[in-house]
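This is data-v6.cif. It holds mmCIF, C-alpha atoms, pLDDT in the B column; chains and numbers go by the auth columns.
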data_coords
loop_
_atom_site.group_PDB
_atom_site.id
_atom_site.type_symbol
_atom_site.label_atom_id
_atom_site.label_comp_id
_atom_site.label_asym_id
_atom_site.label_seq_id
_atom_site.Cartn_x
_atom_site.Cartn_y
_atom_site.Cartn_z
_atom_site.B_iso_or_equiv
_atom_site.auth_seq_id
_atom_site.auth_asym_id
ATOM 1 C CA THR A 1 -1.660 -13.549 20.484 88.00 1 A
ATOM 2 C CA SER A 2 -0.232 -17.073 20.489 91.00 2 A
ATOM 3 C CA LYS A 3 2.513 -16.321 17.916 91.00 3 A
ATOM 4 C CA ASP A 4 3.184 -12.722 18.948 88.00 4 A
ATOM 5 C CA GLY A 5 6.902 -12.622 18.172 82.00 5 A
ATOM 6 C CA THR A 6 9.012 -10.029 16.400 85.00 6 A
ATOM 7 C CA ALA A 7 11.158 -12.212 14.112 89.00 7 A
ATOM 8 C CA ALA A 8 8.615 -12.556 11.297 88.00 8 A
ATOM 9 C CA PHE A 9 8.060 -8.783 11.169 85.00 9 A
ATOM 10 C CA TYR A 10 11.772 -7.985 11.136 86.00 10 A
ATOM 11 C CA GLY A 11 12.792 -10.658 8.656 86.00 11 A
ATOM 12 C CA THR A 12 14.828 -12.954 10.905 91.00 12 A
ATOM 13 C CA ALA A 13 12.432 -15.929 10.914 95.00 13 A
ATOM 14 C CA PRO A 14 12.872 -18.739 8.348 96.00 14 A
ATOM 15 C CA THR A 15 10.373 -18.351 5.490 95.00 15 A
ATOM 16 C CA LEU A 16 8.265 -20.846 3.561 95.00 16 A
ATOM 17 C CA GLY A 17 9.173 -19.535 0.104 93.00 17 A
ATOM 18 C CA ASN A 18 5.529 -19.000 -0.879 88.00 18 A
ATOM 19 C CA ILE A 19 6.023 -15.304 -1.607 84.00 19 A
ATOM 20 C CA ALA A 20 8.823 -14.169 -3.928 81.00 20 A
ATOM 21 C CA PRO A 21 11.632 -13.424 -3.339 87.00 21 A
ATOM 22 C CA ASP A 22 11.505 -15.274 0.001 91.00 22 A
ATOM 23 C CA PRO A 23 13.651 -18.431 0.053 93.00 23 A
ATOM 24 C CA ALA A 24 12.227 -21.798 1.098 93.00 24 A
ATOM 25 C CA GLN A 25 13.906 -22.281 4.481 96.00 25 A
ATOM 26 C CA LEU A 26 12.474 -25.612 5.553 95.00 26 A
ATOM 27 C CA GLY A 27 13.367 -28.459 7.855 93.00 27 A
ATOM 28 C CA ASP A 28 16.156 -29.224 10.277 95.00 28 A
ATOM 29 C CA ALA A 29 19.053 -27.406 8.615 96.00 29 A
ATOM 30 C CA ALA A 30 17.084 -24.179 8.148 97.00 30 A
ATOM 31 C CA TYR A 31 15.925 -24.292 11.760 97.00 31 A
ATOM 32 C CA GLU A 32 19.467 -24.802 13.026 97.00 32 A
ATOM 33 C CA THR A 33 20.736 -21.857 10.955 96.00 33 A
ATOM 34 C CA ALA A 34 17.982 -19.561 12.186 96.00 34 A
ATOM 35 C CA LEU A 35 18.554 -20.516 15.824 96.00 35 A
ATOM 36 C CA LYS A 36 22.296 -19.901 15.608 95.00 36 A
ATOM 37 C CA GLY A 37 21.698 -16.557 13.928 93.00 37 A
ATOM 38 C CA ALA A 38 19.325 -15.477 16.685 92.00 38 A
ATOM 39 C CA TRP A 39 20.817 -17.013 19.838 93.00 39 A
ATOM 40 C CA GLY A 40 24.393 -17.968 18.966 93.00 40 A
ATOM 41 C CA ALA A 41 25.948 -20.251 21.562 91.00 41 A
ATOM 42 C CA ALA A 42 22.563 -20.693 23.272 93.00 42 A
ATOM 43 C CA ALA A 43 21.018 -22.185 20.112 95.00 43 A
ATOM 44 C CA ARG A 44 21.446 -25.763 21.333 95.00 44 A
ATOM 45 C CA ALA A 45 19.545 -25.048 24.554 95.00 45 A
ATOM 46 C CA VAL A 46 16.778 -23.240 22.652 96.00 46 A
ATOM 47 C CA ARG A 47 16.473 -26.137 20.233 97.00 47 A
ATOM 48 C CA ALA A 48 16.187 -28.632 23.090 97.00 48 A
ATOM 49 C CA HIS A 49 13.282 -26.643 24.566 97.00 49 A
ATOM 50 C CA TYR A 50 11.624 -26.060 21.171 97.00 50 A
ATOM 51 C CA PRO A 51 12.242 -29.286 19.227 97.00 51 A
ATOM 52 C CA LEU A 52 10.795 -29.501 15.718 97.00 52 A
ATOM 53 C CA SER A 53 8.829 -32.575 16.797 96.00 53 A
ATOM 54 C CA ARG A 54 6.625 -30.337 18.959 95.00 54 A
ATOM 55 C CA PHE A 55 5.694 -28.266 15.921 94.00 55 A
ATOM 56 C CA GLY A 56 4.978 -30.856 13.254 93.00 56 A
ATOM 57 C CA GLY A 57 8.457 -30.448 11.780 95.00 57 A
ATOM 58 C CA SER A 58 7.835 -26.781 10.933 95.00 58 A
ATOM 59 C CA ALA A 59 10.926 -24.600 11.301 97.00 59 A
ATOM 60 C CA GLN A 60 8.643 -21.565 11.060 96.00 60 A
ATOM 61 C CA ALA A 61 6.288 -22.611 13.859 95.00 61 A
ATOM 62 C CA ALA A 62 9.088 -23.646 16.197 96.00 62 A
ATOM 63 C CA PHE A 63 11.247 -20.568 15.616 97.00 63 A
ATOM 64 C CA VAL A 64 8.393 -18.056 15.802 96.00 64 A
ATOM 65 C CA GLN A 65 7.151 -19.609 19.071 95.00 65 A
ATOM 66 C CA ALA A 66 10.613 -19.418 20.624 96.00 66 A
ATOM 67 C CA ASP A 67 10.911 -15.810 19.471 94.00 67 A
ATOM 68 C CA ALA A 68 7.409 -14.985 20.723 94.00 68 A
ATOM 69 C CA ASP A 69 8.073 -16.423 24.171 94.00 69 A
ATOM 70 C CA ALA A 70 11.482 -14.778 24.512 92.00 70 A
ATOM 71 C CA TYR A 71 10.682 -11.285 23.280 89.00 71 A
ATOM 72 C CA VAL A 72 6.959 -10.694 23.820 90.00 72 A
ATOM 73 C CA LEU A 73 4.906 -13.252 25.732 92.00 73 A
ATOM 74 C CA CYS A 74 7.172 -13.732 28.743 92.00 74 A
ATOM 75 C CA PRO A 75 8.212 -10.072 29.142 90.00 75 A
ATOM 76 C CA GLN A 76 4.584 -8.878 28.935 90.00 76 A
ATOM 77 C CA THR A 77 3.519 -11.565 31.416 91.00 77 A
ATOM 78 C CA GLU A 78 6.119 -10.242 33.831 89.00 78 A
ATOM 79 C CA ALA A 79 4.889 -6.692 33.186 91.00 79 A
ATOM 80 C CA ALA A 80 1.342 -7.815 34.032 93.00 80 A
ATOM 81 C CA ARG A 81 2.552 -9.307 37.314 92.00 81 A
ATOM 82 C CA MET A 82 4.378 -6.080 38.138 92.00 82 A
ATOM 83 C CA ALA A 83 1.125 -4.178 37.584 93.00 83 A
ATOM 84 C CA VAL A 84 -0.764 -6.549 39.890 93.00 84 A
ATOM 85 C CA ALA A 85 1.934 -6.105 42.554 92.00 85 A
ATOM 86 C CA ALA A 86 1.443 -2.334 42.237 94.00 86 A
ATOM 87 C CA GLY A 87 -2.296 -2.705 42.944 93.00 87 A
ATOM 88 C CA VAL A 88 -3.571 -2.434 39.369 93.00 88 A
ATOM 89 C CA ALA A 89 -6.487 -4.642 38.319 94.00 89 A
ATOM 90 C CA VAL A 90 -5.324 -6.794 35.402 95.00 90 A
ATOM 91 C CA TRP A 91 -7.109 -9.263 33.117 96.00 91 A
ATOM 92 C CA HIS A 92 -4.693 -11.302 31.048 96.00 92 A
ATOM 93 C CA TYR A 93 -5.622 -13.004 27.767 96.00 93 A
ATOM 94 C CA GLU A 94 -4.183 -14.791 24.765 95.00 94 A
ATOM 95 C CA PHE A 95 -5.929 -14.893 21.401 95.00 95 A
ATOM 96 C CA SER A 96 -5.350 -18.290 19.808 94.00 96 A
ATOM 97 C CA HIS A 97 -7.256 -18.712 16.546 93.00 97 A
ATOM 98 C CA PHE A 98 -6.037 -18.864 12.964 91.00 98 A
ATOM 99 C CA MET A 99 -8.376 -17.955 10.101 87.00 99 A
ATOM 100 C CA PRO A 100 -7.504 -19.871 6.912 80.00 100 A
ATOM 101 C CA SER A 101 -7.082 -17.461 4.020 73.00 101 A
ATOM 102 C CA PRO A 102 -9.541 -17.665 1.097 67.00 102 A
ATOM 103 C CA THR A 103 -6.992 -15.886 -1.105 59.00 103 A
ATOM 104 C CA ALA A 104 -3.672 -16.857 -2.647 54.00 104 A
ATOM 105 C CA PRO A 105 -0.392 -16.334 -0.727 51.00 105 A
ATOM 106 C CA GLY A 106 0.572 -12.692 -0.551 49.00 106 A
ATOM 107 C CA GLY A 107 -2.585 -11.495 1.141 59.00 107 A
ATOM 108 C CA GLY A 108 -4.393 -13.298 3.886 70.00 108 A
ATOM 109 C CA CYS A 109 -6.580 -13.179 6.951 84.00 109 A
ATOM 110 C CA ASP A 110 -3.667 -13.626 9.357 86.00 110 A
ATOM 111 C CA ASN A 111 -0.532 -11.501 9.015 84.00 111 A
ATOM 112 C CA GLY A 112 1.575 -14.633 9.247 87.00 112 A
ATOM 113 C CA VAL A 113 0.476 -15.566 5.719 85.00 113 A
ATOM 114 C CA GLU A 114 1.782 -12.392 4.130 82.00 114 A
ATOM 115 C CA LEU A 115 4.923 -12.611 6.279 87.00 115 A
ATOM 116 C CA ASP A 116 5.445 -16.061 4.709 89.00 116 A
ATOM 117 C CA VAL A 117 5.715 -18.039 7.948 93.00 117 A
ATOM 118 C CA VAL A 118 2.389 -19.924 7.866 90.00 118 A
ATOM 119 C CA GLU A 119 0.437 -21.566 5.061 87.00 119 A
ATOM 120 C CA ALA A 120 -2.689 -19.763 3.860 82.00 120 A
ATOM 121 C CA GLY A 121 -4.804 -22.878 4.310 79.00 121 A
ATOM 122 C CA ALA A 122 -3.521 -23.875 7.728 77.00 122 A
ATOM 123 C CA SER A 123 -5.962 -24.717 10.480 73.00 123 A
ATOM 124 C CA ALA A 124 -4.434 -24.285 13.897 80.00 124 A
ATOM 125 C CA THR A 125 -4.164 -22.117 16.985 85.00 125 A
ATOM 126 C CA TRP A 126 -1.590 -19.888 15.261 90.00 126 A
ATOM 127 C CA ALA A 127 -2.431 -16.205 15.711 92.00 127 A
ATOM 128 C CA THR A 128 0.023 -13.538 14.578 89.00 128 A
ATOM 129 C CA HIS A 129 0.330 -10.094 16.172 88.00 129 A
ATOM 130 C CA GLY A 130 -2.879 -8.105 15.735 87.00 130 A
ATOM 131 C CA ALA A 131 -5.027 -11.084 14.687 90.00 131 A
ATOM 132 C CA GLU A 132 -7.625 -10.382 17.368 92.00 132 A
ATOM 133 C CA VAL A 133 -8.273 -6.763 16.338 91.00 133 A
ATOM 134 C CA ARG A 134 -10.778 -7.658 13.617 91.00 134 A
ATOM 135 C CA TYR A 135 -12.684 -9.755 16.137 94.00 135 A
ATOM 136 C CA VAL A 136 -12.825 -6.888 18.623 94.00 136 A
ATOM 137 C CA PHE A 137 -14.527 -4.655 16.044 93.00 137 A
ATOM 138 C CA GLY A 138 -16.387 -7.345 14.088 93.00 138 A
ATOM 139 C CA SER A 139 -14.588 -6.551 10.837 91.00 139 A
ATOM 140 C CA GLU A 140 -14.592 -9.157 8.072 90.00 140 A
ATOM 141 C CA GLN A 141 -11.834 -7.467 6.096 83.00 141 A
ATOM 142 C CA ASN A 142 -8.096 -7.624 6.678 78.00 142 A
ATOM 143 C CA HIS A 143 -5.996 -4.694 5.503 73.00 143 A
ATOM 144 C CA ASP A 144 -2.801 -6.131 4.039 62.00 144 A
ATOM 145 C CA THR A 145 -0.018 -3.626 4.706 60.00 145 A
ATOM 146 C CA LEU A 146 2.940 -5.979 5.066 59.00 146 A
ATOM 147 C CA SER A 147 3.481 -7.677 1.731 54.00 147 A
ATOM 148 C CA GLY A 148 4.490 -4.553 -0.204 56.00 148 A
ATOM 149 C CA ARG A 149 1.290 -4.820 -2.247 57.00 149 A
ATOM 150 C CA PRO A 150 -1.366 -3.114 -0.102 60.00 150 A
ATOM 151 C CA ARG A 151 -4.765 -4.679 -0.533 68.00 151 A
ATOM 152 C CA ILE A 152 -7.923 -5.527 1.369 75.00 152 A
ATOM 153 C CA ALA A 153 -8.638 -9.219 1.856 77.00 153 A
ATOM 154 C CA ASP A 154 -12.198 -10.411 2.432 83.00 154 A
ATOM 155 C CA CYS A 155 -12.233 -12.623 5.510 87.00 155 A
ATOM 156 C CA PRO A 156 -15.839 -13.628 6.250 90.00 156 A
ATOM 157 C CA PHE A 157 -16.509 -15.081 9.694 93.00 157 A
ATOM 158 C CA SER A 158 -17.837 -18.582 10.098 92.00 158 A
ATOM 159 C CA PRO A 159 -20.729 -18.881 12.604 94.00 159 A
ATOM 160 C CA ALA A 160 -18.206 -19.949 15.272 93.00 160 A
ATOM 161 C CA GLU A 161 -15.942 -16.995 14.460 93.00 161 A
ATOM 162 C CA ARG A 162 -18.911 -14.620 14.623 94.00 162 A
ATOM 163 C CA ARG A 163 -19.679 -15.913 18.130 94.00 163 A
ATOM 164 C CA LEU A 164 -16.019 -15.432 19.051 95.00 164 A
ATOM 165 C CA SER A 165 -16.139 -11.858 17.766 95.00 165 A
ATOM 166 C CA ASP A 166 -19.310 -11.149 19.758 93.00 166 A
ATOM 167 C CA GLU A 167 -17.754 -12.572 22.925 94.00 167 A
ATOM 168 C CA ILE A 168 -14.546 -10.552 22.556 94.00 168 A
ATOM 169 C CA GLY A 169 -16.491 -7.380 21.804 93.00 169 A
ATOM 170 C CA ALA A 170 -18.568 -7.916 24.932 92.00 170 A
ATOM 171 C CA TYR A 171 -15.489 -8.424 27.105 94.00 171 A
ATOM 172 C CA TRP A 172 -13.831 -5.286 25.744 94.00 172 A
ATOM 173 C CA ALA A 173 -17.035 -3.240 26.113 92.00 173 A
ATOM 174 C CA GLY A 174 -17.472 -4.385 29.702 92.00 174 A
ATOM 175 C CA LEU A 175 -13.921 -3.389 30.540 92.00 175 A
ATOM 176 C CA ALA A 176 -14.365 0.039 28.951 92.00 176 A
ATOM 177 C CA ARG A 177 -17.783 0.632 30.511 91.00 177 A
ATOM 178 C CA GLU A 178 -17.430 -0.833 34.013 92.00 178 A
ATOM 179 C CA GLY A 179 -13.731 -1.563 34.417 93.00 179 A
ATOM 180 C CA ASP A 180 -14.512 -5.292 34.414 93.00 180 A
ATOM 181 C CA PRO A 181 -14.700 -7.474 31.261 94.00 181 A
ATOM 182 C CA ASN A 182 -17.273 -9.719 32.939 92.00 182 A
ATOM 183 C CA SER A 183 -19.864 -6.959 33.383 87.00 183 A
ATOM 184 C CA GLY A 184 -23.047 -7.487 31.398 73.00 184 A
ATOM 185 C CA GLY A 185 -22.372 -11.191 30.940 59.00 185 A
ATOM 186 C CA GLY A 186 -19.773 -13.681 31.986 51.00 186 A
ATOM 187 C CA ALA A 187 -20.741 -17.060 33.411 50.00 187 A
ATOM 188 C CA GLY A 188 -24.459 -17.564 32.852 46.00 188 A
ATOM 189 C CA GLY A 189 -24.516 -14.858 30.201 61.00 189 A
ATOM 190 C CA GLY A 190 -23.059 -16.933 27.391 76.00 190 A
ATOM 191 C CA ARG A 191 -19.407 -16.116 28.035 87.00 191 A
ATOM 192 C CA ALA A 192 -16.758 -17.798 30.136 92.00 192 A
ATOM 193 C CA TRP A 193 -15.937 -16.036 33.378 92.00 193 A
ATOM 194 C CA TRP A 194 -12.652 -14.136 33.037 94.00 194 A
ATOM 195 C CA PRO A 195 -10.826 -14.197 36.388 93.00 195 A
ATOM 196 C CA ALA A 196 -8.684 -11.236 37.363 94.00 196 A
ATOM 197 C CA TYR A 197 -4.998 -11.960 36.880 95.00 197 A
ATOM 198 C CA GLY A 198 -3.333 -12.845 40.157 91.00 198 A
ATOM 199 C CA ALA A 199 -6.621 -13.313 42.040 80.00 199 A
ATOM 200 C CA GLY A 200 -6.133 -15.781 44.874 71.00 200 A
ATOM 201 C CA ALA A 201 -2.406 -15.893 44.083 70.00 201 A
ATOM 202 C CA ASN A 202 -3.340 -17.718 40.871 81.00 202 A
ATOM 203 C CA TRP A 203 -1.955 -16.346 37.599 92.00 203 A
ATOM 204 C CA THR A 204 -4.893 -17.276 35.366 95.00 204 A
ATOM 205 C CA SER A 205 -5.249 -16.112 31.756 95.00 205 A
ATOM 206 C CA LEU A 206 -8.204 -16.433 29.390 96.00 206 A
ATOM 207 C CA VAL A 207 -7.293 -18.179 26.132 96.00 207 A
ATOM 208 C CA LEU A 208 -9.705 -17.010 23.433 96.00 208 A
ATOM 209 C CA GLY A 209 -10.593 -19.280 20.513 94.00 209 A
ATOM 210 C CA VAL A 210 -13.597 -20.494 18.547 92.00 210 A
ATOM 211 C CA GLY A 211 -14.539 -22.927 21.321 88.00 211 A
ATOM 212 C CA GLY A 212 -15.038 -20.033 23.741 87.00 212 A
ATOM 213 C CA GLY A 213 -12.770 -18.664 26.432 92.00 213 A
ATOM 214 C CA VAL A 214 -10.763 -21.187 28.456 93.00 214 A
ATOM 215 C CA ALA A 215 -9.145 -20.154 31.748 93.00 215 A
ATOM 216 C CA ARG A 216 -5.578 -21.437 32.118 93.00 216 A
ATOM 217 C CA ALA A 217 -3.223 -20.916 35.022 93.00 217 A
ATOM 218 C CA GLN A 218 0.497 -20.272 34.577 92.00 218 A
ATOM 219 C CA LEU A 219 0.191 -19.808 30.812 92.00 219 A
ATOM 220 C CA HIS A 220 3.630 -20.263 29.178 92.00 220 A
ATOM 221 C CA GLY A 221 5.053 -20.882 32.640 92.00 221 A
ATOM 222 C CA SER A 222 7.537 -23.519 31.513 93.00 222 A
ATOM 223 C CA ALA A 223 8.733 -21.388 28.603 94.00 223 A
ATOM 224 C CA CYS A 224 9.180 -18.296 30.753 92.00 224 A
ATOM 225 C CA ASN A 225 11.137 -20.263 33.357 92.00 225 A
ATOM 226 C CA PHE A 226 13.376 -21.499 30.554 94.00 226 A
ATOM 227 C CA TRP A 227 14.126 -18.018 29.225 93.00 227 A
ATOM 228 C CA THR A 228 14.750 -16.633 32.716 89.00 228 A
ATOM 229 C CA GLN A 229 17.207 -19.436 33.467 89.00 229 A
ATOM 230 C CA LEU A 230 18.874 -19.094 30.074 88.00 230 A
ATOM 231 C CA GLY A 231 19.453 -15.378 30.516 76.00 231 A
ATOM 232 C CA GLY A 232 20.141 -15.537 34.232 55.00 232 A
ATOM 233 C CA GLU A 233 17.877 -12.548 34.750 49.00 233 A
ATOM 234 C CA SER A 234 14.355 -11.266 34.397 45.00 234 A
ATOM 235 C CA THR A 235 12.691 -11.751 31.016 49.00 235 A
ATOM 236 C CA TRP A 236 11.792 -8.074 31.207 48.00 236 A
ATOM 237 C CA SER A 237 15.373 -7.283 30.170 52.00 237 A
ATOM 238 C CA THR A 238 14.772 -8.880 26.771 51.00 238 A
ATOM 239 C CA TRP A 239 12.795 -5.793 25.778 47.00 239 A
ATOM 240 C CA SER A 240 16.139 -4.083 25.184 49.00 240 A
ATOM 241 C CA ALA A 241 16.752 -6.632 22.414 52.00 241 A
ATOM 242 C CA VAL A 242 13.359 -5.796 20.906 48.00 242 A
ATOM 243 C CA ILE A 243 14.187 -2.086 20.940 44.00 243 A
ATOM 244 C CA ASN A 244 17.550 -2.733 19.301 53.00 244 A
ATOM 245 C CA ARG A 245 15.959 -4.965 16.680 50.00 245 A
ATOM 246 C CA THR A 246 13.357 -2.295 15.886 45.00 246 A
ATOM 247 C CA SER A 247 16.071 0.334 15.494 47.00 247 A
ATOM 248 C CA ARG A 248 18.047 -1.898 13.132 52.00 248 A
ATOM 249 C CA ALA A 249 14.954 -2.595 11.051 48.00 249 A
ATOM 250 C CA ARG A 250 14.231 1.115 10.691 44.00 250 A
ATOM 251 C CA GLU A 251 17.814 1.782 9.663 52.00 251 A
ATOM 252 C CA LEU A 252 17.601 -0.882 6.961 49.00 252 A
ATOM 253 C CA ARG A 253 14.313 0.507 5.641 45.00 253 A
ATOM 254 C CA SER A 254 15.703 4.044 5.450 49.00 254 A
ATOM 255 C CA ALA A 255 18.981 2.951 3.832 51.00 255 A
#
This structure in structure tokens:
Amino acid sequence: TSKDGTAAFYGTAPTLGNIAPDPAQLGDAAYETALKGAWGAAARAVRAHYPLSRFGGSAQAAFVQADADAYVLCPQTEAARMAVAAGVAVWHYEFSHFMPSPTAPGGGCDNGVELDVVEAGASATWATHGAEVRYVFGSEQNHDTLSGRPRIADCPFSPAERRLSDEIGAYWAGLAREGDPNSGGGAGGGRAWWPAYGAGANWTSLVLGVGGGVARAQLHGSACNFWTQLGGESTWSTWSAVINRTSRARELRSA
């Protein structure tokens, strides 16, 4: 998904302050503090590549995107390329749709709302980890398991979201049935053609949103080049940081 980072889940991203006891960590100073806490001496370079002006002044949007690129999107893109090099057929996608929440903060239709990093009424291409799962199965309920107050939120699809769900379900079914997401449809069948990743030496991904699938080459290419240059090594190595962060989070929860 487009905002598939780890910081919001592990409590290192700046919060909006919509859900008690989260503090309101807004603007330039909060962004600077969060960057220094996450990347130390490299914070200035990260800030230059992810300026607040690119994200409407939102410290949450900027920080979560930097975190997503560094720890999930770029490493998994490299993993996909490794699989292609090993002769595995790969279709690469990014889900990029945010469903505004019809409920108050604390339970929403995107996990980012209950993690307090995106407004419930936002309308953007923000999609937190797992946001596409309901669309795969056509579910109009979101099971809130993150806010500490488990609940089920009703998240009815708009007509455009229903079409998106149908398209995603068809892609997934084609892949499971025939080993190709384009089987039973694709171009001419109401869905965009999903090119295999790496076909023709072109690293093309399918970006999925309410306007239909859009094929894009070198998705996040600039960001991944930045993180590789910053670390002086493959982005794949950043998975060790994810593992360490997960271990620390578990230790804190069990303390």
Selection under test: the PyMOL selection byres ((chain A and resi 28-40) around 9); residues as a VMD selection string: chain A and resid 12 to 14 24 to 27 41 to 44 46 to 47 52 57 to 60 62 to 63 67
Resolved residues for the PyMOL selection byres ((chain A and resi 137-139) around 10) as an MDAnalysis selection string: chainID A and resid 132:136 140:142 154:157 161:162 164:166 168:169 172
Option closest in space to Ala8 of chain A, from A:Gly112, A:Pro195, A:Gly130, A:Pro51 [counting all atoms listed in the file]: A:Gly112
Atomic separation - atom CA of Ala68 of chain A relative to atom CA of Thr1 of chain A, Å: 9.2 Å
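Take atom CA of Met99 of chain A and atom CA of Asp116 of chain A: the distance between them is 15.0 Å.
In this comparison, which uses only C-alpha atoms, the residue of A:Tyr50, A:Tyr10, A:Tyr71, A:Tyr93 approaching Ala196 of chain A most closely is A:Tyr93.
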